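Q: File name structure.txt; file contents compact mmCIF, C-alpha atoms; full text below.
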# COMPACT_ATOMS: atom_id res chain seq x y z
CA MET A 1 -5.40 -172.00 -227.51
CA SER A 2 -3.33 -170.03 -229.95
CA ASP A 3 0.44 -169.72 -229.45
CA GLU A 4 0.10 -166.14 -228.23
CA ARG A 5 -2.46 -167.12 -225.65
CA THR A 6 -0.36 -170.02 -224.39
CA ARG A 7 2.59 -167.70 -224.14
CA PHE A 8 0.50 -165.07 -222.41
CA ALA A 9 -0.69 -167.67 -219.92
CA ASN A 10 2.91 -168.71 -219.19
CA VAL A 11 4.59 -165.30 -219.17
CA VAL A 12 2.03 -162.82 -217.87
CA LEU A 13 -0.58 -164.63 -215.78
CA PRO A 14 1.89 -165.92 -213.16
CA HIS A 15 2.66 -162.28 -212.27
CA LEU A 16 -0.92 -161.09 -212.02
CA GLY A 17 -0.66 -160.78 -208.24
CA ASP A 18 2.45 -158.60 -208.40
CA ALA A 19 0.90 -156.60 -211.22
CA TYR A 20 -2.20 -155.92 -209.17
CA ALA A 21 -0.20 -155.01 -206.06
CA LEU A 22 1.93 -152.51 -207.97
CA ALA A 23 -1.09 -150.99 -209.71
CA ARG A 24 -2.79 -150.66 -206.36
CA TRP A 25 0.15 -148.83 -204.86
CA ILE A 26 0.39 -146.48 -207.81
CA ALA A 27 -3.34 -145.80 -208.19
CA ARG A 28 -4.13 -146.07 -204.47
CA ASN A 29 -7.53 -147.43 -205.39
CA GLU A 30 -8.59 -151.04 -205.93
CA SER A 31 -11.04 -150.66 -208.74
CA ASP A 32 -8.69 -148.39 -210.71
CA ALA A 33 -5.95 -150.96 -210.11
CA GLU A 34 -8.09 -153.64 -211.71
CA ASP A 35 -8.81 -151.53 -214.77
CA ILE A 36 -5.10 -150.75 -215.05
CA VAL A 37 -4.09 -154.40 -214.80
CA GLN A 38 -6.63 -155.37 -217.43
CA GLU A 39 -5.34 -152.72 -219.80
CA ALA A 40 -1.72 -153.61 -219.06
CA CYS A 41 -2.46 -157.27 -219.77
CA LEU A 42 -3.96 -156.35 -223.11
CA ARG A 43 -0.81 -154.39 -223.93
CA ALA A 44 1.34 -157.29 -222.82
CA PHE A 45 -0.73 -159.65 -224.94
CA ARG A 46 -0.29 -157.48 -228.02
CA GLY A 47 3.43 -157.25 -227.38
CA ILE A 48 3.98 -160.84 -226.31
CA SER A 49 5.83 -161.77 -229.51
CA GLY A 50 8.42 -159.10 -228.72
CA PHE A 51 9.14 -160.41 -225.25
CA GLY A 52 12.61 -161.91 -225.17
CA ASP A 53 12.20 -164.53 -222.45
CA VAL A 54 14.30 -162.59 -219.96
CA ASN A 55 12.80 -161.55 -216.62
CA ALA A 56 9.09 -161.91 -217.27
CA ARG A 57 8.23 -160.34 -213.94
CA GLY A 58 10.20 -157.17 -214.63
CA TRP A 59 8.71 -156.98 -218.12
CA VAL A 60 5.16 -157.31 -216.80
CA LEU A 61 5.77 -154.81 -213.99
CA SER A 62 7.20 -152.21 -216.33
CA ILE A 63 4.13 -152.51 -218.57
CA VAL A 64 1.86 -152.20 -215.55
CA ARG A 65 3.73 -149.15 -214.32
CA ASN A 66 3.62 -147.37 -217.67
CA THR A 67 -0.02 -148.26 -218.18
CA ALA A 68 -0.86 -147.01 -214.71
CA TYR A 69 0.57 -143.57 -215.31
CA THR A 70 -1.05 -143.25 -218.74
CA TRP A 71 -4.34 -144.45 -217.29
CA LEU A 72 -4.22 -142.03 -214.39
CA LYS A 73 -3.42 -139.14 -216.70
CA LYS A 74 -6.42 -140.02 -218.81
CA HIS A 75 -8.92 -140.72 -216.06
CA ARG A 76 -8.03 -138.41 -213.24
CA ASP A 77 -8.06 -134.71 -212.86
CA PRO A 78 -4.59 -133.67 -214.08
CA LYS A 79 -4.29 -131.36 -211.11
CA LEU A 80 -4.43 -134.39 -208.86
CA VAL A 81 -1.91 -136.36 -210.88
CA ALA A 82 0.55 -133.55 -211.36
CA VAL A 83 3.36 -134.30 -209.01
CA GLU A 84 6.01 -132.12 -207.69
CA ASN A 85 9.17 -132.42 -209.66
CA VAL A 86 10.82 -134.56 -207.06
CA GLU A 87 14.28 -134.50 -208.52
CA ASP A 88 14.41 -130.75 -208.01
CA VAL A 89 13.08 -130.74 -204.50
CA ALA A 90 15.57 -129.30 -202.13
CA ASP A 91 15.24 -131.82 -199.33
CA ALA A 92 18.35 -133.51 -200.58
CA ALA A 93 18.43 -136.98 -199.22
CA THR A 94 22.05 -136.60 -198.63
CA GLY A 95 21.71 -133.68 -196.30
CA TRP A 96 22.87 -134.59 -192.87
CA ASP A 97 20.62 -132.41 -190.91
CA GLN A 98 17.74 -134.46 -189.65
CA GLY A 99 17.33 -131.98 -186.85
CA PRO A 100 17.45 -132.74 -183.19
CA ALA A 101 14.13 -134.58 -183.43
CA ALA A 102 15.34 -137.34 -185.75
CA PRO A 103 13.49 -140.32 -184.37
CA ASP A 104 15.51 -143.10 -182.97
CA ALA A 105 15.50 -146.51 -184.54
CA GLY A 106 13.26 -148.00 -181.87
CA LEU A 107 10.50 -145.51 -182.55
CA ILE A 108 10.67 -146.17 -186.28
CA GLU A 109 10.53 -149.89 -185.75
CA ARG A 110 7.44 -149.66 -183.57
CA ALA A 111 5.38 -147.94 -186.30
CA ASP A 112 2.45 -150.16 -187.10
CA ALA A 113 1.56 -151.39 -190.57
CA ALA A 114 -1.48 -149.15 -191.07
CA ARG A 115 0.49 -146.05 -190.22
CA LEU A 116 3.27 -147.08 -192.56
CA GLU A 117 0.86 -147.78 -195.40
CA ALA A 118 -0.68 -144.34 -194.98
CA ALA A 119 2.77 -142.77 -194.99
CA ILE A 120 3.77 -144.67 -198.14
CA GLY A 121 0.54 -143.49 -199.75
CA ALA A 122 1.53 -139.90 -199.02
CA LEU A 123 4.85 -140.15 -200.87
CA PRO A 124 5.26 -138.57 -204.31
CA ASP A 125 4.75 -141.11 -207.13
CA GLU A 126 8.44 -141.56 -208.00
CA PHE A 127 9.42 -142.18 -204.41
CA ARG A 128 6.48 -144.43 -203.71
CA GLU A 129 7.00 -146.72 -206.69
CA THR A 130 10.73 -147.03 -205.97
CA LEU A 131 10.15 -147.84 -202.32
CA VAL A 132 7.35 -150.32 -203.08
CA LEU A 133 9.38 -152.13 -205.72
CA ARG A 134 12.32 -152.43 -203.31
CA GLU A 135 10.71 -153.09 -199.94
CA LEU A 136 7.42 -154.73 -200.77
CA GLN A 137 8.17 -156.47 -204.04
CA GLY A 138 11.81 -157.25 -203.33
CA LEU A 139 13.36 -156.06 -206.59
CA ASP A 140 17.07 -155.22 -206.61
CA TYR A 141 18.37 -151.86 -207.79
CA ARG A 142 19.07 -153.01 -211.32
CA ALA A 143 15.56 -154.42 -211.74
CA ILE A 144 14.00 -151.26 -210.32
CA ALA A 145 16.05 -149.18 -212.75
CA GLU A 146 14.71 -151.30 -215.62
CA VAL A 147 11.09 -151.16 -214.51
CA THR A 148 11.09 -147.42 -213.85
CA GLY A 149 13.33 -146.49 -216.76
CA VAL A 150 15.91 -144.47 -214.84
CA PRO A 151 19.64 -144.94 -214.10
CA ILE A 152 20.64 -146.87 -210.99
CA GLY A 153 21.99 -143.69 -209.40
CA THR A 154 18.51 -142.17 -209.61
CA VAL A 155 17.00 -145.30 -208.07
CA MET A 156 19.44 -144.96 -205.19
CA SER A 157 18.71 -141.33 -204.53
CA ARG A 158 14.93 -141.81 -204.83
CA LEU A 159 15.04 -144.71 -202.44
CA ALA A 160 17.10 -142.80 -199.90
CA ARG A 161 14.77 -139.81 -200.12
CA ALA A 162 11.66 -141.97 -199.93
CA ARG A 163 12.98 -143.48 -196.70
CA ARG A 164 13.87 -140.08 -195.32
CA ARG A 165 10.37 -138.84 -195.98
CA LEU A 166 8.77 -141.91 -194.47
CA ILE A 167 10.83 -141.47 -191.34
CA ALA A 168 9.92 -137.78 -191.22
CA LEU A 169 6.22 -138.60 -191.64
CA LEU A 170 6.38 -141.10 -188.80
CA ARG A 171 7.94 -138.42 -186.65
CA GLU A 172 5.18 -135.93 -187.47
CA ASP A 173 2.58 -138.56 -186.59
CA ASP A 174 4.23 -139.00 -183.29
CA LYS A 175 3.94 -135.38 -182.22
CA MET B 176 26.72 -143.81 -210.48
CA THR B 177 29.79 -141.73 -209.73
CA GLN B 178 27.61 -139.34 -207.78
CA ALA B 179 26.14 -142.19 -205.79
CA ALA B 180 29.53 -143.74 -205.25
CA ASP B 181 30.74 -140.48 -203.74
CA ASP B 182 27.84 -140.14 -201.37
CA PRO B 183 28.28 -142.09 -198.16
CA VAL B 184 24.57 -141.85 -197.29
CA LEU B 185 23.51 -143.53 -200.52
CA LEU B 186 26.14 -146.17 -199.88
CA VAL B 187 24.66 -146.85 -196.46
CA HIS B 188 21.27 -147.43 -198.12
CA ALA B 189 22.88 -149.71 -200.68
CA TYR B 190 24.65 -151.51 -197.85
CA CYS B 191 21.36 -152.10 -196.04
CA ASP B 192 19.84 -153.38 -199.28
CA GLY B 193 22.69 -155.85 -199.77
CA GLU B 194 23.77 -154.12 -202.95
CA LEU B 195 27.44 -153.60 -202.07
CA ASP B 196 30.11 -156.08 -203.02
CA PRO B 197 32.19 -157.42 -200.10
CA ALA B 198 35.09 -155.02 -200.57
CA ASN B 199 32.87 -151.92 -200.56
CA ALA B 200 30.74 -153.29 -197.75
CA LEU B 201 33.83 -153.81 -195.64
CA ALA B 202 35.13 -150.31 -196.36
CA LEU B 203 31.76 -148.84 -195.43
CA GLU B 204 31.56 -150.84 -192.21
CA ARG B 205 34.84 -149.23 -191.18
CA ARG B 206 33.48 -145.77 -191.96
CA MET B 207 30.29 -146.46 -190.02
CA ALA B 208 32.32 -147.61 -187.04
CA GLU B 209 34.11 -144.27 -187.03
CA ASP B 210 31.20 -141.98 -187.89
CA PRO B 211 28.22 -142.12 -185.52
CA ARG B 212 26.05 -140.17 -187.98
CA LEU B 213 26.51 -142.90 -190.62
CA ALA B 214 25.87 -145.57 -188.01
CA ALA B 215 22.67 -143.80 -186.94
CA GLU B 216 21.53 -143.63 -190.55
CA ARG B 217 22.13 -147.36 -190.90
CA ASP B 218 20.14 -148.05 -187.73
CA ARG B 219 17.20 -145.96 -188.93
CA ILE B 220 17.16 -147.65 -192.33
CA LEU B 221 17.28 -151.12 -190.82
CA ALA B 222 14.55 -150.20 -188.33
CA LEU B 223 12.39 -148.91 -191.17
CA LYS B 224 12.99 -152.09 -193.15
CA ARG B 225 11.93 -154.19 -190.17
CA ALA B 226 8.83 -152.05 -189.74
CA LEU B 227 7.97 -152.35 -193.43
CA ALA B 228 8.22 -156.11 -193.19
CA LYS B 229 5.11 -155.95 -191.03
CA ILE B 230 3.05 -154.81 -193.99
CA LYS B 231 1.24 -157.86 -195.15
CA PRO B 232 1.83 -159.01 -198.69
CA ALA B 233 -0.55 -157.11 -200.91
CA ALA B 234 -4.02 -158.55 -201.11
CA LEU B 235 -4.38 -161.14 -203.81
CA PRO B 236 -6.10 -159.83 -206.88
CA PRO B 237 -9.83 -160.51 -206.82
CA ALA B 238 -10.66 -163.80 -208.50
CA ALA B 239 -12.80 -161.92 -210.98
CA LEU B 240 -9.77 -159.99 -212.23
CA ARG B 241 -8.19 -163.08 -213.72
CA GLY B 242 -11.45 -163.82 -215.50
CA ARG B 243 -11.60 -160.28 -216.83
CA VAL B 244 -8.05 -160.50 -218.12
CA GLU B 245 -8.67 -163.86 -219.74
CA ARG B 246 -11.78 -162.53 -221.41
CA ALA B 247 -9.95 -159.40 -222.53
CA VAL B 248 -7.33 -161.41 -224.41
CA GLY B 249 -9.90 -163.86 -225.74
CA MET B 250 -8.92 -166.87 -223.67
CA ARG B 251 -12.46 -167.32 -222.46
CA ARG B 252 -14.61 -166.02 -225.23
CA ALA B 253 -13.61 -168.87 -227.49
CA ALA B 254 -14.73 -171.38 -224.90
CA PRO B 255 -17.39 -170.15 -222.53
CA ARG B 256 -18.21 -173.70 -221.56
CA PRO B 257 -15.28 -174.24 -219.17
CA THR B 258 -16.63 -171.47 -216.99
CA TRP B 259 -19.81 -173.41 -216.72
CA GLY B 260 -17.77 -176.57 -216.21
CA ALA B 261 -16.00 -175.00 -213.26
CA VAL B 262 -19.34 -174.07 -211.84
CA ALA B 263 -20.48 -177.64 -212.31
CA ALA B 264 -18.05 -178.63 -209.62
CA SER B 265 -19.81 -176.42 -207.18
CA ILE B 266 -22.31 -177.52 -204.66
CA ALA B 267 -24.80 -175.16 -206.22
CA LEU B 268 -24.89 -177.17 -209.36
CA ALA B 269 -24.96 -180.46 -207.54
CA ALA B 270 -28.20 -179.20 -206.06
CA VAL B 271 -29.46 -178.24 -209.49
CA VAL B 272 -28.70 -181.67 -210.92
CA SER B 273 -30.13 -183.60 -208.05
CA SER B 274 -33.28 -181.54 -208.13
CA GLY B 275 -34.27 -183.51 -211.22
CA ALA B 276 -35.62 -180.40 -212.81
CA THR B 277 -32.55 -179.44 -214.77
CA TRP B 278 -33.19 -177.29 -217.73
CA SER B 279 -31.33 -179.64 -219.97
CA LEU B 280 -34.15 -182.14 -219.53
CA LEU B 281 -36.46 -179.67 -221.14
CA GLY B 282 -34.77 -180.12 -224.46
CA PRO B 283 -31.75 -178.51 -225.97
CA THR B 284 -33.61 -175.50 -227.25
CA GLN B 285 -31.63 -172.33 -227.58
CA SER B 286 -33.74 -170.73 -224.90
CA ALA B 287 -32.78 -173.46 -222.44
CA LEU B 288 -29.12 -173.24 -223.39
CA VAL B 289 -29.10 -169.48 -222.96
CA SER B 290 -30.95 -169.87 -219.65
CA ASP B 291 -28.21 -172.29 -218.56
CA GLU B 292 -25.50 -169.84 -219.42
CA VAL B 293 -27.26 -166.89 -217.85
CA LEU B 294 -27.67 -168.86 -214.63
CA GLY B 295 -24.08 -170.12 -214.87
CA SER B 296 -22.78 -166.57 -215.22
CA HIS B 297 -24.81 -165.45 -212.25
CA ILE B 298 -23.54 -168.29 -210.05
CA SER B 299 -19.92 -168.01 -211.13
CA ALA B 300 -20.00 -164.26 -210.52
CA LEU B 301 -21.24 -164.93 -207.00
CA ILE B 302 -18.61 -167.59 -206.41
CA ALA B 303 -15.95 -165.15 -207.57
CA ASP B 304 -17.10 -162.99 -204.67
CA ARG B 305 -17.41 -160.05 -206.96
CA PRO B 306 -20.59 -160.10 -208.95
CA TYR B 307 -19.65 -157.13 -211.10
CA ASP B 308 -16.84 -155.73 -213.21
CA VAL B 309 -17.87 -152.18 -212.43
CA ALA B 310 -19.07 -151.50 -208.91
CA SER B 311 -21.29 -148.48 -208.68
CA SER B 312 -24.71 -147.58 -207.43
CA ASP B 313 -24.81 -144.67 -209.85
CA GLN B 314 -26.58 -145.41 -213.09
CA HIS B 315 -24.71 -142.53 -214.67
CA THR B 316 -21.48 -144.39 -213.96
CA VAL B 317 -22.62 -147.85 -214.94
CA LYS B 318 -24.14 -146.94 -218.27
CA PRO B 319 -21.06 -145.13 -219.65
CA TRP B 320 -18.91 -147.99 -218.39
CA PHE B 321 -20.71 -150.36 -220.74
CA ASN B 322 -20.43 -147.82 -223.54
CA SER B 323 -16.69 -147.72 -223.07
CA HIS B 324 -16.45 -151.50 -223.15
CA THR B 325 -17.69 -151.78 -226.68
CA ILE B 326 -20.93 -153.54 -226.05
CA GLU B 327 -24.53 -152.42 -226.21
CA SER B 328 -25.30 -150.32 -223.22
CA PRO B 329 -28.16 -151.86 -221.27
CA ARG B 330 -31.29 -150.23 -219.95
CA VAL B 331 -30.43 -148.97 -216.47
CA VAL B 332 -33.13 -148.02 -214.01
CA ASP B 333 -33.02 -146.72 -210.47
CA LEU B 334 -34.94 -148.92 -208.02
CA LYS B 335 -33.13 -147.93 -204.87
CA ASP B 336 -36.22 -146.46 -203.26
CA ASP B 337 -38.02 -149.74 -203.86
CA GLY B 338 -35.37 -151.72 -201.97
CA PHE B 339 -33.42 -152.90 -205.03
CA PRO B 340 -30.27 -150.74 -205.16
CA LEU B 341 -28.08 -150.93 -208.24
CA LEU B 342 -24.74 -152.51 -207.29
CA GLY B 343 -22.90 -152.56 -210.58
CA GLY B 344 -22.57 -154.23 -213.94
CA ARG B 345 -20.52 -156.88 -215.66
CA ILE B 346 -20.01 -158.35 -219.08
CA ASP B 347 -21.12 -161.96 -219.47
CA VAL B 348 -20.42 -164.17 -222.43
CA ILE B 349 -23.61 -165.89 -223.52
CA ALA B 350 -23.66 -168.09 -226.62
CA LYS B 351 -20.18 -166.72 -227.40
CA THR B 352 -21.50 -163.15 -227.39
CA PRO B 353 -20.51 -160.53 -224.81
CA VAL B 354 -23.68 -159.14 -223.28
CA PRO B 355 -24.34 -156.59 -220.55
CA THR B 356 -25.56 -157.71 -217.13
CA LEU B 357 -26.73 -155.40 -214.37
CA VAL B 358 -26.52 -156.45 -210.75
CA TYR B 359 -29.06 -155.25 -208.24
CA GLY B 360 -29.21 -156.01 -204.56
CA TYR B 361 -32.12 -157.09 -202.46
CA GLN B 362 -31.26 -157.41 -198.79
CA LYS B 363 -28.29 -159.82 -198.89
CA HIS B 364 -29.23 -161.26 -202.27
CA ARG B 365 -28.08 -160.41 -205.75
CA ILE B 366 -30.24 -160.13 -208.80
CA SER B 367 -28.57 -160.32 -212.22
CA VAL B 368 -30.39 -158.83 -215.20
CA THR B 369 -28.87 -159.88 -218.51
CA GLU B 370 -29.85 -158.27 -221.82
CA THR B 371 -29.62 -160.19 -225.06
CA GLN B 372 -30.56 -159.56 -228.64
CA GLY B 373 -30.95 -162.22 -231.29
CA LEU B 374 -30.47 -165.13 -228.92
CA GLY B 375 -34.10 -166.21 -228.86
CA ALA B 376 -36.93 -165.43 -226.52
CA PRO B 377 -36.42 -166.15 -222.83
CA PRO B 378 -38.75 -168.44 -220.91
CA ALA B 379 -41.39 -166.63 -218.88
CA ALA B 380 -40.23 -168.31 -215.68
CA ARG B 381 -37.96 -171.14 -214.57
CA GLU B 382 -37.01 -172.41 -211.19
CA THR B 383 -34.15 -174.72 -210.48
CA GLY B 384 -31.92 -175.52 -207.55
CA GLY B 385 -33.10 -172.54 -205.56
CA TYR B 386 -32.66 -170.05 -208.39
CA HIS B 387 -35.48 -168.31 -210.17
CA LEU B 388 -35.28 -166.97 -213.68
CA ILE B 389 -37.85 -164.62 -215.14
CA GLY B 390 -37.63 -163.59 -218.76
CA TRP B 391 -39.41 -161.09 -220.95
CA THR B 392 -38.93 -159.14 -224.15
CA ASP B 393 -39.40 -155.40 -224.51
CA GLY B 394 -38.85 -153.58 -227.77
CA GLY B 395 -36.89 -156.41 -229.39
CA VAL B 396 -34.56 -156.81 -226.42
CA SER B 397 -34.73 -159.92 -224.24
CA TYR B 398 -34.20 -159.66 -220.50
CA TRP B 399 -33.21 -162.49 -218.18
CA ALA B 400 -33.48 -161.81 -214.46
CA VAL B 401 -31.84 -164.44 -212.21
CA SER B 402 -31.65 -164.63 -208.45
CA ASP B 403 -32.01 -166.78 -205.39
CA VAL B 404 -34.59 -164.42 -203.90
CA GLY B 405 -38.13 -165.78 -203.58
CA LEU B 406 -40.27 -165.91 -206.69
CA GLY B 407 -42.57 -163.21 -205.31
CA GLU B 408 -39.68 -160.80 -204.74
CA LEU B 409 -38.24 -161.47 -208.16
CA GLN B 410 -41.64 -160.91 -209.78
CA GLN B 411 -41.96 -157.65 -207.86
CA PHE B 412 -38.48 -156.63 -209.03
CA VAL B 413 -39.30 -157.40 -212.65
CA LYS B 414 -42.56 -155.48 -212.43
CA LEU B 415 -40.73 -152.42 -211.07
CA PHE B 416 -37.85 -152.78 -213.53
CA ARG B 417 -40.21 -152.84 -216.51
CA ALA B 418 -42.29 -149.94 -215.24
CA ALA B 419 -39.40 -147.68 -214.22
CA PRO B 420 -38.36 -144.82 -216.47
CA THR B 421 -35.15 -145.50 -218.36
CA SER B 422 -32.23 -143.28 -217.49
CA GLN B 423 -30.52 -141.48 -220.32
Is it possible to express this structure as C-alpha cells?

A:
Amino acid sequence: MSDERTRFANVVLPHLGDAYALARWIARNESDAEDIVQEACLRAFRGISGFGDVNARGWVLSIVRNTAYTWLKKHRDPKLVAVENVEDVADAATGWDQGPAAPDAGLIERADAARLEAAIGALPDEFRETLVLRELQGLDYRAIAEVTGVPIGTVMSRLARARRRLIALLREDDK
Amino acid sequence: MTQAADDPVLLVHAYCDGELDPANALALERRMAEDPRLAAERDRILALKRALAKIKPAALPPAALRGRVERAVGMRRAAPRPTWGAVAASIALAAVVSSGATWSLLGPTQSALVSDEVLGSHISALIADRPYDVASSDQHTVKPWFNSHTIESPRVVDLKDDGFPLLGGRIDVIAKTPVPTLVYGYQKHRISVTETQGLGAPPAARETGGYHLIGWTDGGVSYWAVSDVGLGELQQFVKLFRAAPTSQ
C-alpha cells in the first residue's frame, strides 16, 4: 500500500463507526449516512497529508459533519434542509420560566430510549449535532467547538437549549 | 465565554458535564444549595443524562461500508484477490473446494477466472449482509446511481411481476475493473447479474458448490447471472431478463 493509504488506514478507518453514527444522526437516514461517510472518507484521504497527527477522531468527525451538510444541501429539497436560525430563536435557554408544568427529574429519567431518539431527531440541526457529540459521542466542550467550528460559548448555549427542548418535548409527549 | 461565565444556567450545564474546574464547581455548588431553581435545573439535566445513557451505542456501520470506503480510496482495487481470499475462509468456499468441481480445475482461462471473481463478489456481498451499495426497487433510482458512480450504467429491467423484484445494485471489481452488478430477489434468494465488457465471453452455464452461473452475451456486453436458486429458476430468470424491455 502507498504511504497515503497506510496513513488513511491508521488515521481514518479506526473512526469509521463514530463517523457513521454522526452521519446517521445528522442525515437521519442510514443509506444517506453511508453515502456521506464514503464521501467524507474520500475527502479525508485527499487531505491526509495535511493532517497534523493531533486528535484524529475530531479531525475525522469535523470532515464528516461538513460533508454531511454539503451533501444534504445538494441532495435534499432545500426547503427541508433550511433550518430555523436557531441562534435568533427567542426561547432563550437561560430563561427561567419553564412554566408550572416543568417535568420533574423522575419523569425525565423514565423516558425510554425510543422516545428520546425521536425527540433528538426533532431538534434543529445545530442543537442535535451538539447534543449528540456531547451525550452520545462523549466529546468535551473544546472538542465540540472544534468539530462544529463555533466558540465554546456557543457550544454551551446550544447544549443548554438542546436539553431544554428535549425536556419540553418529553413533557408534550406525556400530555 | 464572558457571556457564558455570567450565566448561572450555562454554568450548571457545564457543571453537570464536568467542565468546571474545582474552584468554580465549588462556588456553583454553594449557589445551587441556596437557589432551588438552580438545583432543579441540575436535577433535570442529570436525569436527562441518565435517560440518554439508555440509548444504545449507535449501530455499527454495515460491513459493506468499510469495503465501499476501501474501494473508494483504492485500497481494494489494486488487490481484488484478498476479497476472494477472505471468502476462501468461508464455509461456502470449503464446499466449493470439496465438491471437486472447482472452476480452477477447468484451466486458468480468463473466462474461468472472471467466473471465479463474479461468484466471489456474489458470495462476499451476501456475507457482508448487504448485497448492494444502492438499495432500491426502482430502476429509475438504480440506473442513475450507476451513472453517478462513473461506471457504465447497466441494463436494468423490471421483473417484479414475474417474482424477481429488483433489490439494488453494487459495484464489483472484476479483473481489476469496476463493473456494475444488479441484485434481484427471488423468494429469500439473491440473484446477482454482473455486466462486463472486454473480459471475454462467459460460460453458458456452470454449477459449483450450490451456486449456478449462467452467462450470455448481448450486443457486445457479457452478462453473468449468479445465484443459489435452482438451475430451472435461474434459467427462467435469464430468459425473462433477456426478453424484458430495457428501461431508459

Q: Out of B:Val396, B:Gln314, B:Val248, B:Lys231, which residue has the shortest atom-to-atom distance to Ile48 of chain A when counting all atoms listed in the file?

A: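 Answer, going by the shortest atom-to-atom distance: B:Val248.
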
Q: Can you tell me, as number ranges by chain, what residues are no more than 9 Å from segment 110-113 of chain A when counting all atoms listed in the file, ignoring any on the same chain fewer than 5 positions away?

A: A: 105, 118, 170; B: 222-223, 226-231

Q: Between B:Leu201, B:Ala376, B:Val289, B:Leu415, single out the one closest to Asp333 of chain B, counting all atoms listed in the file.

A: B:Leu415

Q: Considering all atoms listed in the file, return as a PyMOL selection string whatever protein or nucleic-acid residues lie within 9 Å of Arg57 of chain A, sequence-local ones (same chain, fewer than 6 positions apart) excluded.

A: chain A and resi 11-12+14-15+18-19

Q: With 6 Å as the limit and counting all atoms listed in the file, what residues in chain A lie close to chain B? Please list them as a PyMOL selection string.

A: chain A and resi 17+20-21+38+94+105+108-109+113+153

Q: Would you output that residue set with C-alpha atoms, as a compact mmCIF listing (two decimals), in the coordinates of the input?

A:
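Here's the written file again10.txt:
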# COMPACT_ATOMS: atom_id res chain seq x y z
CA GLY A 17 -0.66 -160.78 -208.24
CA TYR A 20 -2.20 -155.92 -209.17
CA ALA A 21 -0.20 -155.01 -206.06
CA GLN A 38 -6.63 -155.37 -217.43
CA THR A 94 22.05 -136.60 -198.63
CA ALA A 105 15.50 -146.51 -184.54
CA ILE A 108 10.67 -146.17 -186.28
CA GLU A 109 10.53 -149.89 -185.75
CA ALA A 113 1.56 -151.39 -190.57
CA GLY A 153 21.99 -143.69 -209.40

Q: Considering only C-alpha atoms, state which residue in the set B:Ile298, B:Ala287, B:Ala200, B:Ala214 is at the smallest distance from Leu374 of chain B.

A: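 So, comparing all the options, the nearest one is B:Ala287.
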
Q: Suppose you want the space between atom CA of Leu334 of chain B and atom CA of Ala419 of chain B; what is it in Å?

A: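 Straight-line distance from atom CA of Leu334 of chain B to atom CA of Ala419 of chain B works out to 7.7 Å.
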